[in-house]
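Source file query_30.txt; content: compact mmCIF, C-alpha atoms.
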# COMPACT_ATOMS: atom_id res chain seq x y z
CA MET A 2 56.10 38.59 -53.90
CA VAL A 3 56.73 41.16 -56.62
CA ILE A 4 54.55 44.29 -56.68
CA VAL A 5 54.74 46.54 -59.74
CA LEU A 6 53.63 50.12 -59.08
CA ASP A 7 52.64 50.83 -62.67
CA SER A 8 54.53 53.91 -64.00
CA VAL A 9 56.17 54.98 -60.71
CA GLY A 10 59.51 56.03 -62.25
CA CYS A 11 62.33 57.72 -60.36
CA GLY A 12 64.10 59.98 -62.86
CA CYS A 13 64.80 60.12 -66.57
CA ALA A 14 66.89 57.35 -68.06
CA ARG A 15 70.23 58.05 -69.76
CA ASP A 16 68.56 57.70 -73.16
CA ALA A 17 65.38 59.63 -72.23
CA ALA A 18 66.05 62.36 -74.82
CA ALA A 19 65.81 59.77 -77.61
CA TYR A 20 62.23 59.14 -76.47
CA GLY A 21 61.32 62.81 -76.06
CA ASP A 22 61.39 62.46 -72.28
CA GLU A 23 64.37 64.53 -71.19
CA GLY A 24 63.74 65.90 -67.69
CA ALA A 25 60.95 63.47 -66.80
CA ASP A 26 60.97 62.43 -63.13
CA THR A 27 57.71 61.00 -61.83
CA LEU A 28 58.59 60.61 -58.15
CA GLY A 29 61.00 63.54 -58.00
CA HIS A 30 58.47 66.02 -59.33
CA LEU A 31 55.72 64.68 -57.08
CA PHE A 32 57.94 65.06 -54.00
CA GLU A 33 58.93 68.59 -55.05
CA ARG A 34 55.57 69.96 -56.16
CA GLU A 35 52.96 67.97 -54.24
CA GLY A 36 54.69 67.88 -50.85
CA LEU A 37 54.74 64.10 -51.09
CA GLU A 38 55.80 62.09 -48.04
CA LEU A 39 55.83 58.29 -48.17
CA PRO A 40 57.04 57.13 -44.75
CA ASN A 41 56.64 53.39 -45.32
CA LEU A 42 58.27 53.30 -48.75
CA SER A 43 60.97 55.47 -47.20
CA ARG A 44 61.59 52.68 -44.65
CA LEU A 45 62.46 50.51 -47.66
CA GLY A 46 65.02 53.09 -48.83
CA LEU A 47 63.02 55.32 -51.18
CA LEU A 48 64.18 58.63 -49.66
CA GLU A 49 67.84 57.65 -49.91
CA LEU A 50 67.35 56.30 -53.42
CA LEU A 51 65.90 59.68 -54.48
CA GLY A 52 68.65 61.63 -52.68
CA ARG A 53 66.12 63.20 -50.30
CA GLY A 54 67.54 62.14 -46.97
CA LYS A 55 67.39 58.94 -44.97
CA ALA A 56 64.89 57.06 -42.88
CA GLU A 57 65.34 54.21 -40.43
CA LEU A 58 65.17 51.13 -42.65
CA PHE A 59 62.80 48.25 -42.11
CA PRO A 60 64.73 45.09 -41.07
CA GLY A 61 66.04 43.32 -44.18
CA ALA A 62 65.38 46.30 -46.49
CA ALA A 63 67.69 47.07 -49.43
CA PHE A 64 67.27 49.26 -52.50
CA ALA A 65 68.66 50.26 -55.91
CA ARG A 66 67.75 52.00 -59.16
CA MET A 67 67.21 50.06 -62.37
CA SER A 68 67.55 51.21 -66.01
CA GLU A 69 65.60 49.56 -68.80
CA ALA A 70 67.72 47.76 -71.40
CA SER A 71 64.84 47.05 -73.79
CA ALA A 72 63.85 49.32 -76.66
CA GLY A 73 60.59 50.89 -75.51
CA LYS A 74 58.76 52.39 -72.56
CA ASP A 75 55.48 50.50 -72.58
CA THR A 76 53.87 48.17 -70.07
CA THR A 77 54.53 44.95 -71.96
CA THR A 78 58.20 45.72 -72.63
CA GLY A 79 58.78 46.71 -69.00
CA HIS A 80 57.09 43.66 -67.49
CA TRP A 81 58.75 41.23 -69.87
CA GLU A 82 62.14 42.64 -68.92
CA LEU A 83 61.27 42.43 -65.21
CA ALA A 84 60.58 38.74 -65.86
CA GLY A 85 63.95 38.30 -67.57
CA SER A 86 63.36 38.94 -71.28
CA VAL A 87 65.03 41.96 -72.92
CA LEU A 88 63.33 43.26 -76.07
CA GLU A 89 66.10 44.28 -78.47
CA GLN A 90 63.79 45.49 -81.24
CA PRO A 91 60.88 47.77 -80.28
CA PHE A 92 57.30 46.77 -80.87
CA ASP A 93 55.55 48.22 -83.92
CA THR A 94 53.82 51.58 -83.50
CA PHE A 95 51.37 53.44 -85.74
CA GLU A 96 49.95 56.92 -86.05
CA SER A 97 46.92 55.33 -87.75
CA PHE A 98 46.17 51.80 -88.88
CA PRO A 99 45.96 50.70 -92.55
CA PRO A 100 42.34 50.59 -93.78
CA ASP A 101 42.70 47.02 -95.07
CA LEU A 102 43.87 45.91 -91.60
CA LEU A 103 40.81 47.45 -89.95
CA ASP A 104 38.56 45.91 -92.60
CA GLU A 105 39.96 42.48 -91.81
CA ILE A 106 39.50 43.04 -88.09
CA GLY A 107 35.84 43.93 -88.64
CA GLY A 108 35.33 47.60 -89.46
CA PRO A 109 34.00 50.16 -89.98
CA PHE A 110 35.56 52.07 -87.11
CA LEU A 111 35.59 55.64 -85.87
CA GLY A 112 38.78 57.53 -85.00
CA ASN A 113 41.85 55.63 -86.18
CA ARG A 114 44.50 57.99 -84.86
CA ALA A 115 46.69 58.63 -81.84
CA ALA A 116 44.56 60.10 -79.08
CA SER A 117 43.90 60.34 -75.36
CA GLY A 118 41.43 57.66 -74.36
CA THR A 119 39.23 60.03 -72.40
CA ALA A 120 39.40 62.85 -74.98
CA ILE A 121 38.39 60.60 -77.87
CA LEU A 122 35.31 59.44 -75.94
CA VAL A 123 34.19 63.04 -75.56
CA GLU A 124 34.81 63.63 -79.27
CA LEU A 125 33.40 60.43 -80.77
CA GLY A 126 31.38 58.68 -78.07
CA GLU A 127 28.02 60.09 -79.15
CA GLU A 128 28.72 59.24 -82.79
CA HIS A 129 29.54 55.70 -81.66
CA LEU A 130 26.13 55.48 -79.99
CA ARG A 131 24.41 56.71 -83.16
CA SER A 132 26.32 54.59 -85.65
CA GLY A 133 27.24 51.53 -83.60
CA TRP A 134 30.81 51.74 -84.95
CA PRO A 135 33.55 51.08 -82.38
CA ILE A 136 36.27 53.67 -81.79
CA VAL A 137 39.82 52.61 -82.62
CA TYR A 138 42.86 54.64 -81.52
CA THR A 139 46.49 54.30 -80.54
CA SER A 140 49.24 56.27 -78.76
CA ALA A 141 53.00 56.58 -78.72
CA ASP A 142 53.01 53.09 -77.21
CA SER A 143 52.56 49.90 -79.21
CA VAL A 144 48.82 49.54 -78.70
CA LEU A 145 45.64 49.13 -80.70
CA GLN A 146 42.78 50.23 -78.48
CA ILE A 147 39.10 49.69 -79.22
CA ALA A 148 36.46 51.57 -77.24
CA ALA A 149 32.77 50.68 -77.26
CA HIS A 150 29.77 51.19 -75.01
CA GLU A 151 29.69 48.43 -72.42
CA GLU A 152 25.90 48.06 -72.49
CA ARG A 153 24.78 49.13 -75.97
CA TYR A 154 27.61 47.53 -77.93
CA GLY A 155 28.12 44.77 -75.39
CA LEU A 156 31.12 43.63 -73.41
CA LYS A 157 31.34 40.14 -74.92
CA ARG A 158 31.08 41.59 -78.41
CA LEU A 159 33.89 44.05 -77.67
CA TYR A 160 36.10 41.30 -76.25
CA ALA A 161 35.48 39.13 -79.30
CA LEU A 162 36.41 42.02 -81.60
CA CYS A 163 39.66 42.64 -79.69
CA GLN A 164 40.54 38.95 -79.79
CA ARG A 165 39.98 39.00 -83.55
CA ALA A 166 42.26 42.05 -83.80
CA ARG A 167 44.96 40.18 -81.88
CA ASP A 168 44.59 37.17 -84.18
CA VAL A 169 44.76 39.29 -87.34
CA LEU A 170 47.85 41.18 -86.13
CA ASP A 171 49.62 37.96 -85.23
CA ARG A 172 48.72 36.33 -88.54
CA ARG A 173 50.11 39.34 -90.42
CA GLY A 174 53.26 39.42 -88.30
CA ILE A 175 52.50 42.93 -86.97
CA ARG A 176 54.21 43.16 -83.58
CA ILE A 177 51.83 45.38 -81.63
CA GLY A 178 52.40 44.81 -77.93
CA ARG A 179 48.79 44.98 -76.79
CA VAL A 180 45.26 45.14 -78.12
CA ILE A 181 43.17 46.77 -75.39
CA ALA A 182 39.39 46.58 -74.97
CA ARG A 183 38.18 49.91 -73.54
CA PRO A 184 34.51 49.65 -72.51
CA PHE A 185 32.70 52.75 -71.34
CA THR A 186 29.28 53.83 -70.08
CA GLY A 187 27.18 57.00 -70.25
CA ASP A 188 24.63 58.59 -72.58
CA ARG A 189 26.37 61.80 -73.63
CA ALA A 190 29.83 63.28 -73.86
CA ALA A 191 29.76 64.87 -70.42
CA ASP A 192 28.87 61.54 -68.78
CA PHE A 193 31.09 59.05 -70.63
CA LYS A 194 33.24 57.05 -68.25
CA ARG A 195 35.60 54.15 -68.91
CA THR A 196 34.82 51.10 -66.78
CA SER A 197 37.08 48.68 -64.94
CA ASN A 198 36.26 45.88 -67.42
CA ARG A 199 39.26 46.72 -69.58
CA HIS A 200 41.00 43.66 -71.03
CA ASP A 201 44.44 43.42 -72.64
CA TYR A 202 45.38 40.99 -75.42
CA SER A 203 49.17 40.79 -75.50
CA LEU A 204 51.70 39.19 -77.78
CA MET A 205 52.93 35.81 -76.57
CA PRO A 206 56.18 36.48 -74.68
CA PRO A 207 59.40 34.50 -74.99
CA GLU A 208 60.31 32.22 -72.09
CA THR A 209 60.60 34.10 -68.81
CA VAL A 210 61.42 33.30 -65.21
CA LEU A 211 57.71 32.59 -64.75
CA ASN A 212 57.89 29.59 -67.10
CA ARG A 213 61.03 28.34 -65.39
CA LEU A 214 59.44 28.64 -61.95
CA GLN A 215 56.40 26.69 -63.13
CA ALA A 216 58.64 23.95 -64.52
CA ALA A 217 60.36 23.75 -61.13
CA GLY A 218 57.04 23.31 -59.28
CA VAL A 219 56.56 26.89 -58.09
CA ALA A 220 53.01 28.27 -58.43
CA THR A 221 52.97 31.66 -60.16
CA ILE A 222 50.00 33.77 -59.08
CA GLY A 223 49.13 36.87 -61.13
CA VAL A 224 47.23 39.77 -59.57
CA GLY A 225 45.73 42.54 -61.70
CA LYS A 226 46.66 42.55 -65.39
CA ILE A 227 49.72 40.30 -65.05
CA SER A 228 48.12 37.37 -66.85
CA ASP A 229 47.04 39.66 -69.70
CA ILE A 230 50.55 41.10 -70.07
CA PHE A 231 52.09 37.64 -70.36
CA CYS A 232 49.22 36.22 -72.44
CA GLY A 233 48.75 33.65 -69.66
CA SER A 234 52.20 32.17 -70.32
CA GLY A 235 53.90 31.11 -67.10
CA ILE A 236 50.88 32.02 -64.96
CA SER A 237 49.41 29.24 -62.80
CA GLU A 238 46.58 31.26 -61.31
CA SER A 239 45.13 34.69 -62.12
CA HIS A 240 43.21 37.20 -60.02
CA PRO A 241 42.05 40.19 -62.14
CA THR A 242 41.32 43.36 -60.18
CA LYS A 243 39.32 46.53 -60.75
CA SER A 244 41.46 49.06 -58.84
CA ASN A 245 44.50 49.47 -56.63
CA ALA A 246 42.30 49.02 -53.55
CA ASP A 247 40.97 45.78 -54.98
CA GLY A 248 44.49 44.65 -55.83
CA MET A 249 45.77 45.35 -52.34
CA ALA A 250 42.83 43.44 -50.84
CA VAL A 251 43.60 40.46 -53.10
CA ILE A 252 47.27 40.57 -52.10
CA GLU A 253 46.26 40.52 -48.41
CA LYS A 254 43.96 37.54 -49.00
CA LEU A 255 46.54 35.56 -50.98
CA TRP A 256 49.26 36.36 -48.44
CA ALA A 257 47.11 35.03 -45.59
CA GLU A 258 46.47 31.71 -47.33
CA GLN A 259 48.56 28.79 -46.10
CA ARG A 260 49.92 26.94 -49.15
CA ALA A 261 52.13 23.88 -49.06
CA GLN A 262 53.46 24.59 -52.56
CA PRO A 263 56.18 27.23 -53.04
CA HIS A 264 54.62 30.22 -54.77
CA LEU A 265 55.28 33.65 -56.21
CA ILE A 266 52.65 36.42 -56.07
CA PHE A 267 53.22 38.82 -58.99
CA ALA A 268 50.96 41.87 -58.77
CA ASN A 269 50.40 44.98 -60.87
CA LEU A 270 48.71 48.04 -59.37
CA VAL A 271 47.61 50.09 -62.38
CA ASP A 272 45.78 53.14 -61.02
CA PHE A 273 48.93 55.29 -60.82
CA ASP A 274 49.33 55.00 -64.59
CA MET A 275 45.80 54.58 -65.90
CA LEU A 276 43.96 57.14 -63.77
CA TYR A 277 46.59 59.77 -63.04
CA GLY A 278 49.74 59.51 -65.17
CA HIS A 279 48.09 59.47 -68.59
CA ARG A 280 45.60 62.11 -67.47
CA ARG A 281 48.42 64.32 -66.18
CA ASP A 282 46.82 64.59 -62.75
CA PRO A 283 49.66 65.09 -60.23
CA ALA A 284 47.38 65.63 -57.23
CA GLY A 285 45.57 62.37 -57.96
CA TYR A 286 48.85 60.57 -58.55
CA ALA A 287 50.23 61.78 -55.21
CA ARG A 288 47.03 60.77 -53.42
CA CYS A 289 47.24 57.30 -54.99
CA LEU A 290 50.82 56.88 -53.76
CA ARG A 291 49.83 57.95 -50.25
CA GLU A 292 47.05 55.34 -50.26
CA PHE A 293 49.49 52.60 -51.25
CA ASP A 294 52.02 53.78 -48.66
CA GLY A 295 49.36 53.66 -45.96
CA TRP A 296 48.43 50.11 -46.93
CA LEU A 297 52.10 49.12 -47.01
CA GLY A 298 52.53 50.30 -43.42
CA GLY A 299 49.98 47.73 -42.30
CA PHE A 300 51.36 44.99 -44.53
CA LEU A 301 55.10 45.16 -43.77
CA PRO A 302 54.78 43.64 -40.27
CA LYS A 303 53.32 40.51 -41.92
CA VAL A 304 56.34 39.90 -44.14
CA GLY A 305 58.37 37.85 -41.65
CA GLY A 306 61.25 36.12 -43.39
CA ASP A 307 59.68 36.14 -46.85
CA PHE A 308 61.04 37.95 -49.90
CA ILE A 309 59.19 41.09 -51.02
CA LEU A 310 60.13 43.25 -54.01
CA ILE A 311 58.49 46.53 -55.06
CA THR A 312 59.33 48.15 -58.40
CA ALA A 313 57.83 49.78 -61.51
CA ASP A 314 57.71 49.08 -65.25
CA HIS A 315 58.32 52.61 -66.68
CA GLY A 316 57.55 56.22 -65.78
CA ASN A 317 54.55 58.45 -66.46
CA ASP A 318 55.46 61.87 -65.09
CA PRO A 319 52.17 63.77 -64.61
CA TYR A 320 54.07 67.05 -65.12
CA HIS A 321 55.57 66.02 -68.46
CA THR A 322 54.19 67.14 -71.82
CA GLY A 323 51.74 64.90 -73.67
CA THR A 324 49.85 61.96 -72.22
CA ASP A 325 52.22 59.04 -72.75
CA HIS A 326 54.67 57.04 -70.65
CA THR A 327 58.08 58.52 -69.88
CA ARG A 328 61.42 56.75 -70.29
CA GLU A 329 62.69 56.60 -66.70
CA GLN A 330 64.68 54.59 -64.25
CA VAL A 331 62.59 52.70 -61.71
CA PRO A 332 63.05 52.00 -58.00
CA LEU A 333 63.89 48.54 -56.71
CA LEU A 334 62.86 48.19 -53.06
CA THR A 335 63.34 44.81 -51.39
CA VAL A 336 62.90 43.03 -48.08
CA ASN A 337 64.91 39.86 -47.43
CA ALA A 338 66.46 39.79 -50.90
CA PRO A 339 68.58 36.66 -51.47
CA VAL A 340 71.50 38.87 -52.60
CA PRO A 341 71.90 42.67 -52.39
CA PRO A 342 70.24 44.53 -55.29
CA VAL A 343 72.65 46.17 -57.72
CA ASP A 344 72.35 49.86 -58.54
CA SER A 345 71.84 50.80 -62.22
CA ALA A 346 71.42 47.19 -63.39
CA ASP A 347 68.70 46.51 -65.96
CA PHE A 348 65.18 45.32 -65.15
CA THR A 349 66.14 41.63 -65.52
CA GLN A 350 67.63 41.96 -62.04
CA VAL A 351 64.12 41.27 -60.75
CA ALA A 352 64.01 37.89 -62.49
CA ARG A 353 67.47 37.04 -61.18
CA LEU A 354 66.52 37.93 -57.60
CA VAL A 355 63.32 35.89 -57.79
CA ALA A 356 65.18 32.91 -59.25
CA ALA A 357 67.89 33.18 -56.58
CA HIS A 358 65.27 33.23 -53.84
CA PHE A 359 63.73 29.96 -54.99
CA GLU A 360 67.12 28.38 -55.59
CA ASP A 361 67.85 28.99 -51.93

As a first step, turn the structure in this file into structure tokens.
Amino acid sequence: MVIVLDSVGCGCARDAAAYGDEGADTLGHLFEREGLELPNLSRLGLLELLGRGKAELFPGAAFARMSEASAGKDTTTGHWELAGSVLEQPFDTFESFPPDLLDEIGGPFLGNRAASGTAILVELGEEHLRSGWPIVYTSADSVLQIAAHEERYGLKRLYALCQRARDVLDRRGIRIGRVIARPFTGDRAADFKRTSNRHDYSLMPPETVLNRLQAAGVATIGVGKISDIFCGSGISESHPTKSNADGMAVIEKLWAEQRAQPHLIFANLVDFDMLYGHRRDPAGYARCLREFDGWLGGFLPKVGGDFILITADHGNDPYHTGTDHTREQVPLLTVNAPVPPVDSADFTQVARLVAAHFED
């Protein structure tokens, strides 16, 4: 099993300054300023990895840091590299989208600029309700996000619009990593709230370890937004989730199932990033990590001789300026790895470890 703790970075990468992220350190700052203690992750080597002491390691535990080789710091780039595909050219980014592109997608739209997803709802949500025009916005990441009221505009209608946007971008050869449907509810600015019915429409990835596992007869089971990130490619079975708690419950259920076929569970827990990193909420981020650590303490005794890997896809330091991801190294925490993890290797080490496990 691979669990991605979305945005849980462990210190700025060597090239962080080129991304405007010099000094970013998601875990380091949370330990320093929030009094964070994560006893179960520490049993997998987290304290030692962060240079904050040592803990008695869980049997079979090993750890390392990884540095992203790909050009970018977004979710899609990070996950693709974890699965073995390095992106040498960054995805396309925009400060605003060309009017003719939005017309072809199905305008008119409100917004059309880089913005915080929650702030733009406060600013334009009521106008959306009056006009019926969806809100389009982006960020420093390669995303085209469309927000609309889940009930008044309609969820199916929003999904169809986002799928059209994906199709138009692909037809034009515009390499935006993700189109994201952002439904929300509420009747006025003070009450607007994004719902858990978000849906991502990603570019089709190149071949990854997931495709190779499938070809070899290994079932690849996505939990959370994994299937969205890989556009369904290489995913045998998908279990979307609405929260970290939901994701952890799904992991428990899947783990308990007795399957004759070899299988990989590949899970993304997104709340760290979506609810607390982008919103620059360190207290919430720390609480979210404590909740995962508590769950992990109950799960580790069930591992037995199986291979477990916990990592991240990028950083999102809640103390850093702005609201975007941060270019950071990520932790690699393993139990029963087929070979020892290598410090400072790139993210493709995850794909190599997974492949080596099934080769054994």

Per residue of segment 249-313 of chain A within 12 Å of segment 197-217 of chain A, which atom pair is closest and at what distance in Å (one decimal), using all atoms listed in the file, listed by chain and increasing number, as CSV?
residue,atom,partner,partner_atom,distance
A:Gln262,CA,A:Ala217,CA,11.0
A:Pro263,CA,A:Leu214,CA,9.6
A:His264,CA,A:Leu214,CA,8.8
A:Leu265,CA,A:Leu214,CA,8.7
A:Ile266,CA,A:Leu211,CA,10.8
A:Phe267,CA,A:Leu211,CA,9.6
A:Val271,CA,A:Ser197,CA,10.9
A:Asp272,CA,A:Ser197,CA,10.5
A:Met275,CA,A:Ser197,CA,10.6
A:Leu276,CA,A:Ser197,CA,11.0

Which polymer residues, protein or nucleic acid, are no farther than 9 Å from (57.0, 42.9, -56.3), counting only C-alpha atoms, as a ChimeraX atom specification?
/A:2-6,266-269,309-313,333-335,351

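Minimum distance to Pro60 of chain A across A:Pro109, A:Asp307, A:Asp75, A:Arg353 (counting only C-alpha atoms) occurs at A:Asp307.
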
What does the distance from atom CA of Ser43 of chain A to atom CA of Thr322 of chain A come to in Å, to one decimal?
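One can read the atom CA of Ser43 of chain A to atom CA of Thr322 of chain A distance as 28.1 Å.
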
List the residues sitting within 8 Å of (68.8, 35.2, -50.0) in the file's frame, using all atoms listed in the file, as a PDB file with C-alpha atoms, in the coordinates of the input.
ATOM      1  CA  ASN A 337      64.910  39.860 -47.430  1.00  0.00           C
ATOM      2  CA  ALA A 338      66.460  39.790 -50.900  1.00  0.00           C
ATOM      3  CA  PRO A 339      68.580  36.660 -51.470  1.00  0.00           C
ATOM      4  CA  VAL A 340      71.500  38.870 -52.600  1.00  0.00           C
ATOM      5  CA  ALA A 357      67.890  33.180 -56.580  1.00  0.00           C
ATOM      6  CA  HIS A 358      65.270  33.230 -53.840  1.00  0.00           C
ATOM      7  CA  ASP A 361      67.850  28.990 -51.930  1.00  0.00           C
TER       8      ASP A 361
END

Test item: residues at most 12 Å from Arg167 of chain A, all atoms listed in the file, excluding those fewer than 6 positions along its chain, as a ChimeraX atom specification:
/A:102-103,105-107,144-147,160-161,173-182,201-205,232

Within 12 Å of His240 of chain A, counting only C-alpha atoms, which residues qualify if same-chain residues fewer than 5 places away don't, as number ranges by chain?
A: 221-229, 233, 247-252, 254-255, 266-269

Check the smallest atom-to-atom distance from each of A:Arg172, A:Lys74, A:Arg34, A:Arg53 to Asp142 of chain A using all atoms listed in the file, then report the winner.
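Answer, going by the shortest atom-to-atom distance: A:Lys74.
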
Any idea what the distance is between atom CA of Arg153 of chain A and atom CA of Thr324 of chain A?
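Interatomic distance, atom CA of Arg153 of chain A to atom CA of Thr324 of chain A: 28.4 Å.
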
Counting only C-alpha atoms, which residue out of A:Gly305, A:Gly235, A:Gly187, A:Gly278 sits closest to Asp26 of chain A?
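So, comparing all the options, the nearest one is A:Gly278.
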
Counting only C-alpha atoms, the option among A:Pro91, A:Gly323, A:Gly12, A:Gly295 closest to Pro40 of chain A
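Nearest to Pro40 of chain A: A:Gly295.
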